[in-house]
$ cat entry17.txt   # compact mmCIF, C-alpha atoms
# COMPACT_ATOMS: atom_id res chain seq x y z
CA MET A 1 -100.55 -82.15 179.11
CA THR A 2 -102.21 -78.75 179.21
CA ASP A 3 -102.99 -76.34 182.01
CA ASP A 4 -106.36 -75.47 180.42
CA PRO A 5 -108.98 -77.20 182.60
CA ILE A 6 -111.31 -77.87 179.61
CA LEU A 7 -108.59 -79.36 177.42
CA SER A 8 -107.42 -81.30 180.41
CA PHE A 9 -110.98 -82.61 180.87
CA ALA A 10 -110.91 -83.82 177.24
CA ASN A 11 -108.11 -86.11 178.31
CA GLY A 12 -106.22 -85.87 175.05
CA GLU A 13 -109.34 -86.34 172.89
CA ASP A 14 -110.53 -83.83 170.31
CA ILE A 15 -112.71 -81.17 171.91
CA THR A 16 -114.45 -78.07 170.66
CA ILE A 17 -116.68 -75.65 172.52
CA ILE A 18 -118.82 -73.35 170.43
CA ASP A 19 -121.03 -70.44 171.43
CA GLN A 20 -124.45 -69.74 169.94
CA GLN A 21 -122.98 -67.49 167.25
CA GLY A 22 -120.87 -70.39 166.00
CA LYS A 23 -117.68 -68.93 167.42
CA VAL A 24 -115.24 -71.61 168.50
CA MET A 25 -114.29 -70.78 172.06
CA VAL A 26 -112.01 -73.71 172.82
CA SER A 27 -110.66 -76.18 170.34
CA GLN A 28 -108.24 -79.03 170.18
CA LEU A 29 -108.93 -80.78 166.88
CA GLY A 30 -106.56 -83.11 165.05
CA GLY A 31 -105.86 -82.69 161.30
CA ASN A 32 -107.02 -79.92 159.02
CA VAL A 33 -110.38 -78.98 160.47
CA ASP A 34 -112.15 -75.81 159.39
CA GLU A 35 -113.18 -74.32 162.74
CA SER A 36 -115.63 -71.96 161.12
CA LYS A 37 -117.51 -74.75 159.30
CA THR A 38 -117.42 -76.91 162.43
CA GLY A 39 -118.91 -74.09 164.46
CA THR A 40 -121.64 -73.25 161.93
CA LYS A 41 -122.77 -76.87 161.58
CA ALA A 42 -122.74 -77.47 165.33
CA VAL A 43 -124.93 -74.42 165.90
CA GLU A 44 -127.34 -75.51 163.15
CA VAL A 45 -127.66 -79.03 164.58
CA ALA A 46 -127.99 -77.73 168.14
CA THR A 47 -130.65 -75.16 167.19
CA ARG A 48 -132.73 -77.82 165.43
CA LEU A 49 -132.28 -80.22 168.33
CA LEU A 50 -133.24 -77.68 170.96
CA GLU A 51 -136.33 -76.62 169.04
CA ALA A 52 -137.50 -80.16 168.22
CA VAL A 53 -136.82 -81.56 171.70
CA GLY A 54 -138.31 -78.44 173.31
CA ASN A 55 -141.52 -78.89 171.31
CA VAL A 56 -141.86 -82.59 172.14
CA VAL A 57 -141.20 -82.31 175.87
CA GLY A 58 -143.30 -79.13 176.02
CA GLU A 59 -146.28 -80.95 174.47
CA SER A 60 -145.93 -83.59 177.18
CA ASN A 61 -145.95 -80.85 179.84
CA LEU A 62 -142.42 -81.72 180.88
CA GLY A 63 -141.09 -78.16 180.60
CA ALA A 64 -137.81 -77.44 178.85
CA PRO A 65 -134.57 -79.38 178.36
CA GLU A 66 -131.66 -78.64 180.70
CA THR A 67 -129.04 -80.42 178.59
CA ILE A 68 -129.12 -82.58 175.48
CA LEU A 69 -126.42 -85.14 174.93
CA ILE A 70 -125.82 -87.60 172.12
CA GLN A 71 -122.96 -89.97 172.74
CA GLY A 72 -121.61 -92.91 170.84
CA THR A 73 -118.47 -95.00 170.72
CA ASN A 74 -116.69 -92.24 168.74
CA GLY A 75 -117.56 -89.26 170.89
CA LYS A 76 -120.15 -86.85 172.26
CA PHE A 77 -122.25 -83.91 171.13
CA CYS A 78 -123.68 -81.87 173.96
CA VAL A 79 -125.96 -78.83 173.98
CA LEU A 80 -126.01 -76.80 177.19
CA PRO A 81 -128.58 -74.01 177.21
CA SER A 82 -127.25 -71.14 179.35
CA ASN A 83 -130.50 -69.22 179.39
CA ASP A 84 -133.72 -69.03 177.32
CA THR A 85 -131.93 -67.83 174.18
CA GLN A 86 -128.31 -68.89 174.50
CA PHE A 87 -126.48 -72.18 174.55
CA PHE A 88 -123.07 -73.77 174.22
CA VAL A 89 -122.20 -76.83 172.19
CA THR A 90 -119.46 -79.24 173.11
CA LEU A 91 -118.03 -81.73 170.66
CA LEU A 92 -115.88 -84.39 172.25
CA GLY A 93 -114.03 -87.13 170.41
CA ASN A 94 -113.74 -87.95 166.72
CA ILE A 95 -117.33 -87.46 165.53
CA LEU A 96 -116.77 -84.94 162.71
CA MET B 1 -180.88 -123.15 193.86
CA ALA B 2 -177.65 -121.24 194.41
CA GLY B 3 -176.94 -118.29 192.16
CA LEU B 4 -174.37 -118.79 189.43
CA LEU B 5 -172.16 -116.02 190.84
CA ASP B 6 -172.02 -117.77 194.24
CA GLU B 7 -170.16 -120.59 192.52
CA SER B 8 -167.34 -118.37 191.27
CA HIS B 9 -165.01 -121.30 190.46
CA ILE B 10 -167.58 -122.51 187.90
CA ALA B 11 -168.94 -119.09 186.99
CA LYS B 12 -165.54 -118.02 185.58
CA TYR B 13 -165.58 -120.98 183.13
CA VAL B 14 -169.19 -120.53 182.09
CA LEU B 15 -169.01 -116.76 181.72
CA SER B 16 -165.81 -116.86 179.69
CA CYS B 17 -167.34 -119.53 177.39
CA LEU B 18 -170.45 -117.41 177.01
CA TRP B 19 -168.47 -114.24 176.29
CA LEU B 20 -166.06 -115.97 173.88
CA ARG B 21 -168.96 -117.86 172.25
CA ILE B 22 -167.58 -121.27 173.14
CA PRO B 23 -170.41 -123.85 173.14
CA PHE B 24 -171.53 -125.64 176.33
CA ILE B 25 -174.51 -127.66 177.51
CA ILE B 26 -176.55 -127.52 180.72
CA ALA B 27 -177.93 -130.94 181.61
CA GLU B 28 -180.63 -131.37 184.22
CA GLU B 29 -183.49 -133.76 184.59
CA ASP B 30 -185.61 -131.15 186.33
CA LYS B 31 -186.66 -128.71 183.62
CA GLU B 32 -187.37 -125.82 186.00
CA THR B 33 -183.94 -125.82 187.68
CA CYS B 34 -182.26 -126.21 184.35
CA ASN B 35 -184.06 -123.25 182.84
CA SER B 36 -183.36 -121.22 185.95
CA LEU B 37 -179.60 -121.46 185.33
CA ALA B 38 -180.09 -120.67 181.64
CA PHE B 39 -182.20 -117.66 182.62
CA GLN B 40 -179.38 -116.40 184.87
CA LEU B 41 -176.91 -116.80 182.02
CA LEU B 42 -179.08 -114.74 179.67
CA GLU B 43 -178.24 -111.73 181.79
CA PHE B 44 -174.59 -112.17 180.87
CA VAL B 45 -175.00 -112.49 177.12
CA PRO B 46 -173.47 -109.26 175.72
CA GLU B 47 -176.26 -106.74 175.02
CA TYR B 48 -174.99 -106.07 171.50
CA ARG B 49 -175.50 -109.70 170.45
CA GLN B 50 -178.65 -110.83 168.68
CA LEU B 51 -180.21 -113.39 171.00
CA ILE B 52 -181.91 -116.33 169.26
CA ALA B 53 -183.96 -118.83 171.25
CA CYS B 54 -185.10 -122.19 169.88
CA GLY B 55 -186.65 -125.39 171.19
CA SER B 56 -189.04 -125.37 174.16
CA VAL B 57 -188.46 -121.70 174.96
CA PRO B 58 -189.81 -120.88 178.46
CA ARG B 59 -192.30 -118.00 178.56
CA SER B 60 -190.03 -116.19 181.05
CA VAL B 61 -187.36 -116.10 178.36
CA GLU B 62 -189.75 -115.32 175.51
CA PHE B 63 -191.03 -112.20 177.29
CA SER B 64 -187.78 -111.22 179.00
CA MET B 65 -186.22 -107.76 178.65
CA ARG B 66 -183.66 -109.18 176.22
CA LYS B 67 -186.44 -109.86 173.69
CA PRO B 68 -184.88 -112.87 171.97
CA LYS B 69 -185.72 -113.71 168.40
CA ILE B 70 -187.69 -116.97 168.62
CA LEU B 71 -187.12 -119.51 165.88
CA ASP B 72 -190.18 -121.65 166.50
CA THR B 73 -189.84 -124.60 164.16
CA LYS B 74 -189.67 -128.35 164.35
CA ASP B 75 -188.03 -128.52 160.93
CA ILE B 76 -184.34 -129.08 161.67
CA ASN B 77 -183.28 -128.37 158.10
CA PHE B 78 -185.05 -125.02 158.06
CA LEU B 79 -183.59 -124.14 161.46
CA LYS B 80 -180.14 -125.14 160.28
CA GLU B 81 -180.42 -123.01 157.15
CA SER B 82 -181.62 -119.97 159.13
CA LEU B 83 -178.84 -120.25 161.68
CA PHE B 84 -176.10 -120.89 159.13
CA SER B 85 -177.15 -117.81 157.18
CA SER B 86 -177.22 -115.73 160.41
CA PHE B 87 -173.67 -116.84 161.20
CA GLU B 88 -172.59 -116.02 157.63
CA GLU B 89 -174.08 -112.51 157.92
CA GLU B 90 -171.77 -111.83 160.89
CA LYS B 91 -168.84 -111.77 158.47
CA MET B 92 -170.55 -108.94 156.60
CA GLY B 93 -170.97 -106.84 159.72
CA ALA B 94 -174.29 -108.09 161.13
CA ARG B 95 -174.63 -108.28 164.90
CA PRO B 96 -173.06 -111.47 166.25
CA ILE B 97 -175.67 -113.98 167.36
CA GLN B 98 -176.03 -115.99 170.53
CA LEU B 99 -178.16 -119.07 170.20
CA ILE B 100 -179.84 -120.80 173.11
CA HIS B 101 -181.55 -124.08 172.40
CA PHE B 102 -183.91 -125.16 175.19
CA GLN B 103 -184.63 -128.78 176.06
CA SER B 104 -182.60 -130.11 173.17
CA PRO B 105 -183.34 -133.70 172.07
CA PRO B 106 -180.55 -136.00 170.76
CA GLU B 107 -181.28 -135.26 167.07
CA ILE B 108 -180.71 -131.51 167.65
CA PHE B 109 -177.22 -132.28 168.95
CA THR B 110 -176.36 -134.63 166.11
CA SER B 111 -177.94 -132.72 163.20
CA LEU B 112 -177.53 -129.12 164.25
CA LEU B 113 -175.56 -128.05 167.32
CA SER B 114 -172.55 -130.32 166.74
CA GLN B 115 -172.10 -128.54 163.40
CA LEU B 116 -172.08 -125.03 164.88
CA GLU B 117 -168.57 -124.25 166.03
CA ARG B 118 -169.43 -121.18 168.12
CA GLY B 119 -172.13 -118.95 169.57
CA TRP B 120 -174.52 -121.38 171.27
CA PHE B 121 -175.44 -123.11 174.46
CA ALA B 122 -178.17 -125.64 175.05
CA THR B 123 -180.22 -127.03 177.88
CA THR B 124 -181.30 -130.65 177.88
CA ASP B 125 -182.90 -133.28 180.09
CA LEU B 126 -180.52 -135.91 178.72
CA GLY B 127 -178.02 -137.34 181.19
CA PRO B 128 -174.32 -136.39 180.93
CA SER B 129 -173.40 -139.88 179.72
CA ASP B 130 -176.07 -139.76 177.00
CA ILE B 131 -174.68 -136.40 175.81
CA SER B 132 -171.09 -137.68 175.85
CA SER B 133 -172.12 -140.50 173.52
CA ILE B 134 -173.50 -137.97 171.01
CA ILE B 135 -171.05 -135.08 171.22
CA GLU B 136 -167.43 -134.83 172.41
CA VAL B 137 -167.20 -133.35 175.92
CA GLN B 138 -163.94 -131.91 177.32
CA HIS B 139 -164.92 -131.65 180.97
CA THR B 140 -167.94 -131.29 183.24
CA GLU B 141 -168.81 -129.17 186.29
CA LYS B 142 -171.72 -129.41 188.72
CA ILE B 143 -173.86 -126.57 190.07
CA ASP B 144 -176.41 -128.06 192.46
CA THR B 145 -178.26 -130.65 190.40
CA ASN B 146 -177.16 -129.16 187.08
CA THR B 147 -174.22 -130.53 185.13
CA ILE B 148 -172.47 -128.17 182.78
CA LEU B 149 -170.68 -129.92 179.95
CA PHE B 150 -167.88 -127.99 178.30
CA LEU B 151 -167.16 -128.95 174.70
CA LYS B 152 -163.85 -127.14 174.19
CA PRO B 153 -160.71 -126.80 176.34
CA SER B 154 -160.94 -124.12 179.04
CA PRO B 155 -160.50 -120.62 177.67
CA ASP B 156 -158.48 -117.94 179.43
CA PHE B 157 -160.72 -116.71 182.25
CA ILE B 158 -158.51 -114.24 184.18
CA LEU B 159 -160.71 -111.35 183.08
CA GLU B 160 -163.81 -113.13 184.40
CA GLU B 161 -162.01 -113.89 187.67
CA MET B 162 -161.22 -110.20 188.08
CA LEU B 163 -164.76 -109.12 187.28
CA LEU B 164 -166.23 -111.76 189.61
CA GLU B 165 -163.94 -110.51 192.37
CA LYS B 166 -165.17 -106.97 191.69
CA VAL B 167 -168.86 -107.94 191.90
CA ARG B 168 -168.50 -110.23 194.91
CA SER B 169 -171.21 -109.49 197.52
CA ARG B 170 -172.81 -106.96 195.19
CA PRO B 171 -176.48 -107.18 194.16
CA ALA B 172 -177.11 -109.28 191.02
CA GLU B 173 -178.17 -106.22 189.04
CA VAL B 174 -174.86 -104.48 189.81
CA ALA B 175 -172.95 -107.59 188.78
CA ARG B 176 -174.85 -107.70 185.52
CA PHE B 177 -174.16 -103.99 184.95
CA ILE B 178 -170.41 -104.38 185.53
CA PHE B 179 -170.14 -107.34 183.16
CA GLN B 180 -172.26 -105.70 180.47
CA LEU B 181 -170.26 -102.48 180.77
CA LYS B 182 -166.99 -104.32 180.18
CA MET B 183 -168.49 -106.34 177.32
CA SER B 184 -169.79 -103.19 175.62
CA GLU B 185 -166.48 -101.40 176.14
CA ILE B 186 -164.57 -104.23 174.50
CA ASN B 187 -167.07 -104.43 171.65
CA LEU B 188 -166.72 -100.70 170.95
CA ILE B 189 -162.92 -100.89 171.11
CA GLY B 190 -162.94 -103.86 168.74
CA ASN B 191 -165.11 -101.99 166.23
CA ALA B 192 -162.83 -98.94 166.45
CA ILE B 193 -159.71 -101.09 165.89
CA LEU B 194 -161.34 -102.72 162.86
CA LYS B 195 -162.19 -99.32 161.36
CA GLU B 196 -158.63 -98.05 161.92
CA ILE B 197 -157.16 -101.14 160.28
CA GLU B 198 -159.59 -100.90 157.35
CA SER B 199 -158.49 -97.30 156.81
CA GLY B 200 -154.89 -98.51 156.44
CA VAL B 201 -153.54 -97.31 159.79
CA ILE B 202 -150.90 -99.55 161.34
CA LEU B 203 -151.16 -99.61 165.11
CA SER B 204 -148.98 -101.30 167.68
CA GLN B 205 -150.39 -103.15 170.69
CA VAL B 206 -148.90 -100.50 172.99
CA GLU B 207 -150.52 -97.68 171.04
CA ILE B 208 -153.90 -99.40 171.17
CA GLN B 209 -153.60 -99.96 174.93
CA GLU B 210 -152.62 -96.33 175.38
CA LEU B 211 -155.24 -94.89 173.01
CA PHE B 212 -158.12 -96.81 174.60
CA GLU B 213 -156.64 -96.75 178.11
CA ILE B 214 -156.86 -100.52 178.47
CA ASP B 215 -154.64 -103.12 180.07
CA GLU B 216 -153.04 -106.07 178.31
CA LEU B 217 -155.81 -108.44 179.41
CA THR B 218 -158.54 -106.28 177.88
CA PHE B 219 -156.49 -105.88 174.72
CA HIS B 220 -156.16 -109.64 174.24
CA ARG B 221 -159.86 -110.22 174.97
CA THR B 222 -160.72 -107.61 172.33
CA ILE B 223 -158.57 -109.40 169.77
CA ASP B 224 -160.02 -112.81 170.71
CA LEU B 225 -163.58 -111.47 170.39
CA LEU B 226 -162.90 -109.94 166.99
CA LEU B 227 -161.85 -113.41 165.87
CA SER B 228 -164.86 -115.06 167.47
CA GLU B 229 -167.52 -112.54 166.48
CA SER B 230 -166.44 -111.21 163.11
CA LYS B 231 -164.02 -113.93 162.06
CA THR B 232 -161.30 -111.32 161.67
CA ASP B 233 -157.82 -112.09 162.94
CA VAL B 234 -156.43 -108.58 163.39
CA ARG B 235 -153.14 -109.86 164.80
CA ALA B 236 -151.70 -109.77 161.29
CA TYR B 237 -152.42 -106.02 161.09
CA ILE B 238 -151.20 -105.01 164.55
CA LEU B 239 -147.59 -104.72 165.68
CA MET B 240 -147.89 -107.09 168.60
CA THR B 241 -145.45 -106.75 171.48
CA PRO B 242 -142.72 -109.40 171.07
CA LYS B 243 -142.50 -111.49 174.25
CA ASN B 244 -138.67 -111.35 174.44
CA ILE B 245 -138.70 -107.54 174.24
CA GLN B 246 -141.46 -107.24 176.85
CA ASN B 247 -139.49 -109.56 179.15
CA LYS B 248 -136.42 -107.33 178.84
CA LEU B 249 -138.47 -104.19 179.53
CA ASP B 250 -140.12 -105.82 182.56
CA LYS B 251 -136.67 -106.53 183.99
CA MET B 252 -135.30 -103.06 183.17
CA ILE B 253 -138.22 -101.29 184.86
CA GLU B 254 -137.12 -102.84 188.15
CA LEU B 255 -133.89 -100.80 188.09
CA ASP B 256 -133.83 -97.86 190.52
CA GLY B 257 -135.15 -94.54 189.28
CA ILE B 258 -136.83 -95.74 186.06
CA TYR B 259 -140.48 -94.68 185.76
CA LEU B 260 -141.12 -95.88 182.21
CA CYS B 261 -139.27 -97.89 179.63
CA GLY B 262 -140.22 -98.78 176.10
CA ALA B 263 -138.89 -100.16 172.84
CA ILE B 264 -139.31 -98.60 169.41
CA GLU B 265 -139.13 -100.51 166.14
CA ASN B 266 -139.75 -98.85 162.78
CA GLU B 267 -140.93 -95.64 164.45
CA LYS B 268 -143.57 -97.52 166.50
CA LEU B 269 -143.58 -98.16 170.23
CA VAL B 270 -143.79 -101.96 170.34
CA GLY B 271 -143.23 -102.57 174.03
CA LEU B 272 -143.77 -100.65 177.27
CA SER B 273 -143.28 -101.23 180.96
CA LYS B 274 -144.41 -98.82 183.67
CA ALA B 275 -143.28 -98.48 187.26
CA ARG B 276 -145.88 -95.82 187.98
CA ALA B 277 -148.82 -94.09 186.32
CA LEU B 278 -147.80 -90.82 184.63
CA LYS B 279 -149.80 -88.14 182.88
CA ILE B 280 -147.83 -88.44 179.66
CA SER B 281 -148.34 -90.37 176.46
CA PRO B 282 -145.28 -92.66 176.21
CA SER B 283 -145.90 -93.56 172.55
CA LYS B 284 -146.12 -89.89 171.54
CA LEU B 285 -143.12 -88.81 173.63
CA PHE B 286 -140.79 -91.69 172.82
CA THR B 287 -141.57 -91.99 169.09
CA ALA B 288 -141.18 -88.22 168.55
CA LEU B 289 -137.82 -88.20 170.37
CA ALA B 290 -136.67 -91.30 168.49
CA LYS B 291 -137.26 -89.48 165.19
CA ILE B 292 -135.16 -86.53 166.40
CA PHE B 293 -132.47 -88.92 167.63
CA VAL B 294 -132.27 -90.73 164.28
CA GLU B 295 -132.04 -87.44 162.39
CA ALA B 296 -129.38 -86.01 164.74
CA ARG B 297 -127.25 -89.16 164.44
CA GLY B 298 -127.04 -88.53 160.69
CA ASN B 299 -125.15 -85.29 161.28
CA TYR B 300 -122.12 -86.76 163.03
CA ASN B 301 -120.25 -90.03 163.13
CA PHE B 302 -121.09 -91.31 166.61
CA GLY B 303 -120.22 -94.92 165.83
CA GLU B 304 -122.32 -98.09 165.92
CA SER B 305 -124.40 -97.62 169.03
CA ALA B 306 -125.45 -94.31 170.49
CA THR B 307 -127.33 -92.81 173.40
CA PHE B 308 -129.55 -89.74 173.42
CA ALA B 309 -129.87 -88.22 176.88
CA ILE B 310 -132.13 -85.28 177.70
CA GLU B 311 -132.04 -83.79 181.15
CA LEU B 312 -135.17 -81.79 181.86
CA LYS B 313 -135.55 -78.74 184.07
CA CYS B 314 -138.41 -80.52 185.87
CA GLY B 315 -135.93 -82.95 187.44
CA LYS B 316 -136.51 -85.86 185.09
CA LYS B 317 -134.33 -87.45 182.44
CA ILE B 318 -135.09 -89.18 179.15
CA LEU B 319 -132.67 -91.69 177.68
CA LEU B 320 -132.84 -93.33 174.27
CA VAL B 321 -130.44 -96.16 173.52
CA SER B 322 -130.12 -97.60 170.03
CA TRP B 323 -129.49 -101.31 170.00
CA ASP B 324 -129.71 -103.54 166.91
CA SER B 325 -132.79 -102.36 165.03
CA LEU B 326 -134.49 -101.11 168.20
CA ILE B 327 -134.38 -97.93 170.23
CA TYR B 328 -134.92 -98.48 173.94
CA CYS B 329 -136.40 -95.48 175.74
CA PHE B 330 -136.31 -94.63 179.44
CA PHE B 331 -138.02 -91.94 181.47
CA THR B 332 -136.15 -91.60 184.74
CA ASP B 333 -135.45 -89.48 187.73
CA ALA B 334 -132.73 -86.89 186.98
CA ARG B 335 -130.62 -88.23 189.85
CA VAL B 336 -130.09 -91.48 187.96
CA ASN B 337 -126.48 -91.70 186.83
CA THR B 338 -126.64 -92.15 183.05
CA ASP B 339 -123.42 -94.14 182.64
CA LEU B 340 -124.25 -96.42 185.55
CA LEU B 341 -127.75 -97.00 184.18
CA LEU B 342 -126.43 -97.70 180.69
CA ASP B 343 -124.06 -100.25 182.17
CA LYS B 344 -126.93 -102.00 183.99
CA ILE B 345 -129.19 -101.87 180.93
CA SER B 346 -126.49 -103.40 178.74
CA HIS B 347 -126.79 -106.63 180.75
CA PHE B 348 -130.40 -107.01 179.55
CA LEU B 349 -129.80 -106.14 175.89
$ encode --input "entry17.txt" --output "structure tokens"
Amino acid sequence: MTDDPILSFANGEDITIIDQQGKVMVSQLGGNVDESKTGTKAVEVATRLLEAVGNVVGESNLGAPETILIQGTNGKFCVLPSNDTQFFVTLLGNIL
Amino acid sequence: MAGLLDESHIAKYVLSCLWLRIPFIIAEEDKETCNSLAFQLLEFVPEYRQLIACGSVPRSVEFSMRKPKILDTKDINFLKESLFSSFEEEKMGARPIQLIHFQSPPEIFTSLLSQLERGWFATTDLGPSDISSIIEVQHTEKIDTNTILFLKPSPDFILEEMLLEKVRSRPAEVARFIFQLKMSEINLIGNAILKEIESGVILSQVEIQELFEIDELTFHRTIDLLLSESKTDVRAYILMTPKNIQNKLDKMIELDGIYLCGAIENEKLVGLSKARALKISPSKLFTALAKIFVEARGNYNFGESATFAIELKCGKKILLVSWDSLIYCFFTDARVNTDLLLDKISHFL
């Protein structure tokens, strides 16, 4: 068990939290995972997602997304915009 | 005599036959009363159809506003040839015709009308039993002293019922206007659908209903009329909503907090159920998000099934759930608990 509330939240599963610059803020990944590559890819995917989703919902006059989450049986990928230009990405589970 | 619209239980049959070009016969010994009913029906022949009158055409019809084309001949073979060629021309884009044969004798039924499968009605002073011995009759209805003999099984008349309800207690001219407006609307939609299909565009039933802002009933009438008037069965070119999927969506929409739910197959919205009217285009919104979802899934290994959830700042939520080859889409209130909803939805999948 860990005292870190985020790692504790992950409940033993792999978890990574990345800031918009691709910097891994919190990580608990099994095996040999390149944190830098993980961070870069997550930011790329999140940027594309935010832009594409933002365009679609904007065209429908539904404003902007608050959070975007993709989850499957293996884990979750979550984008949490913190303001108009910044966001965090959370990877949870074995989705890499 | 009573007006046709006062007898709404019969009017719905007659008007749907007339609109769908299903043949019928008005039998009445008294020529005046018989023609009076036929004259009322003329008002409900779609304006875009070419009206052709034959037989003992009353002067009131000959000089009516509809200006029918009169085929004044006693030569049955010539008449037959003219009408057959008019029906053939419909396939090449000519206006669909509506034939009315007045005071038809037995030989007209045997040699001509019985061979025309659609687009006519006739008046006659023959008795119902005499007609039944010449031509197969499915069922009969009475309006005053007139007997209407229907030659085909009853068509779907829900649309007529709705329109008749709408025009109840309205002046005859308003009733005529409302019917003609709907008939013209459906004709224009049908022509537009044909042009889209001819240009190679594949449309789904939901997209058509959304594009033309029509309900399911109007959609099906449009498709039926395209078959009846231009002999084109467009069903093969349209992604029709599968009944089993629509049934699932109709059950899902009853869950708390869901405003809209739809199903996407091959990047097309093939089914939709609405709990309330919204100022958004579901096919545009859902298909665009489904594309993003499919692309995003390719970046990570999420496993067999996956969910795409977007919480919006406006207090709404969009959920896309992939299941088999379909993506089910939901537009909900943000307060809806995603996991709980997914659990409930899974019972319907």
$ residues_around --input "entry17.txt" --residues "Pro46 (chain B)" --least-positions-apart "2" --cutoff "12 Å" --atoms "all atoms listed in the file" --output "ChimeraX atom specification"
/B:15-16,18-21,41-44,48-51,66,95-98,119,176-188,225,229
$ write_last_selection --input "entry17.txt" --atoms "C-alpha atoms" --output "tab-separated table (two decimals), keeping the file's coordinate frame"
chain	number	residue	atom	x	y	z
B	15	LEU	CA	-169.01	-116.76	181.72
B	16	SER	CA	-165.81	-116.86	179.69
B	18	LEU	CA	-170.45	-117.41	177.01
B	19	TRP	CA	-168.47	-114.24	176.29
B	20	LEU	CA	-166.06	-115.97	173.88
B	21	ARG	CA	-168.96	-117.86	172.25
B	41	LEU	CA	-176.91	-116.80	182.02
B	42	LEU	CA	-179.08	-114.74	179.67
B	43	GLU	CA	-178.24	-111.73	181.79
B	44	PHE	CA	-174.59	-112.17	180.87
B	48	TYR	CA	-174.99	-106.07	171.50
B	49	ARG	CA	-175.50	-109.70	170.45
B	50	GLN	CA	-178.65	-110.83	168.68
B	51	LEU	CA	-180.21	-113.39	171.00
B	66	ARG	CA	-183.66	-109.18	176.22
B	95	ARG	CA	-174.63	-108.28	164.90
B	96	PRO	CA	-173.06	-111.47	166.25
B	97	ILE	CA	-175.67	-113.98	167.36
B	98	GLN	CA	-176.03	-115.99	170.53
B	119	GLY	CA	-172.13	-118.95	169.57
B	176	ARG	CA	-174.85	-107.70	185.52
B	177	PHE	CA	-174.16	-103.99	184.95
B	178	ILE	CA	-170.41	-104.38	185.53
B	179	PHE	CA	-170.14	-107.34	183.16
B	180	GLN	CA	-172.26	-105.70	180.47
B	181	LEU	CA	-170.26	-102.48	180.77
B	182	LYS	CA	-166.99	-104.32	180.18
B	183	MET	CA	-168.49	-106.34	177.32
B	184	SER	CA	-169.79	-103.19	175.62
B	185	GLU	CA	-166.48	-101.40	176.14
B	186	ILE	CA	-164.57	-104.23	174.50
B	187	ASN	CA	-167.07	-104.43	171.65
B	188	LEU	CA	-166.72	-100.70	170.95
B	225	LEU	CA	-163.58	-111.47	170.39
B	229	GLU	CA	-167.52	-112.54	166.48
$ closest_residue --input "entry17.txt" --among "A:Gly39, A:Gly93, A:Gly58, A:Gly75" --to "Gln21 (chain A)" --atoms "all atoms listed in the file"
A:Gly39
$ closest_residue --input "entry17.txt" --among "B:Pro58, B:Glu117, B:Phe87, B:Ile76" --to "Phe102 (chain B)" --atoms "all atoms listed in the file"
B:Pro58
$ closest_residue --input "entry17.txt" --among "B:Asp224, B:Glu90, B:Asp324, B:Glu210" --to "Pro282 (chain B)" --atoms "all atoms listed in the file"
B:Glu210
$ closest_residue --input "entry17.txt" --among "B:Phe330, B:Ser305, B:Leu320, B:Lys12" --to "Phe157 (chain B)" --atoms "only C-alpha atoms"
B:Lys12
$ interface_residues --input "entry17.txt" --of "chain A" --to "chain B" --cutoff "6 Å" --atoms "all atoms listed in the file" --output "number ranges by chain"
A: 60, 64-75, 95-96
$ residues_around --input "entry17.txt" --residues "Ile327 (chain B)" --least-positions-apart "6" --cutoff "9 Å" --atoms "only C-alpha atoms" --output "ChimeraX atom specification"
/B:262-265,290,320-321
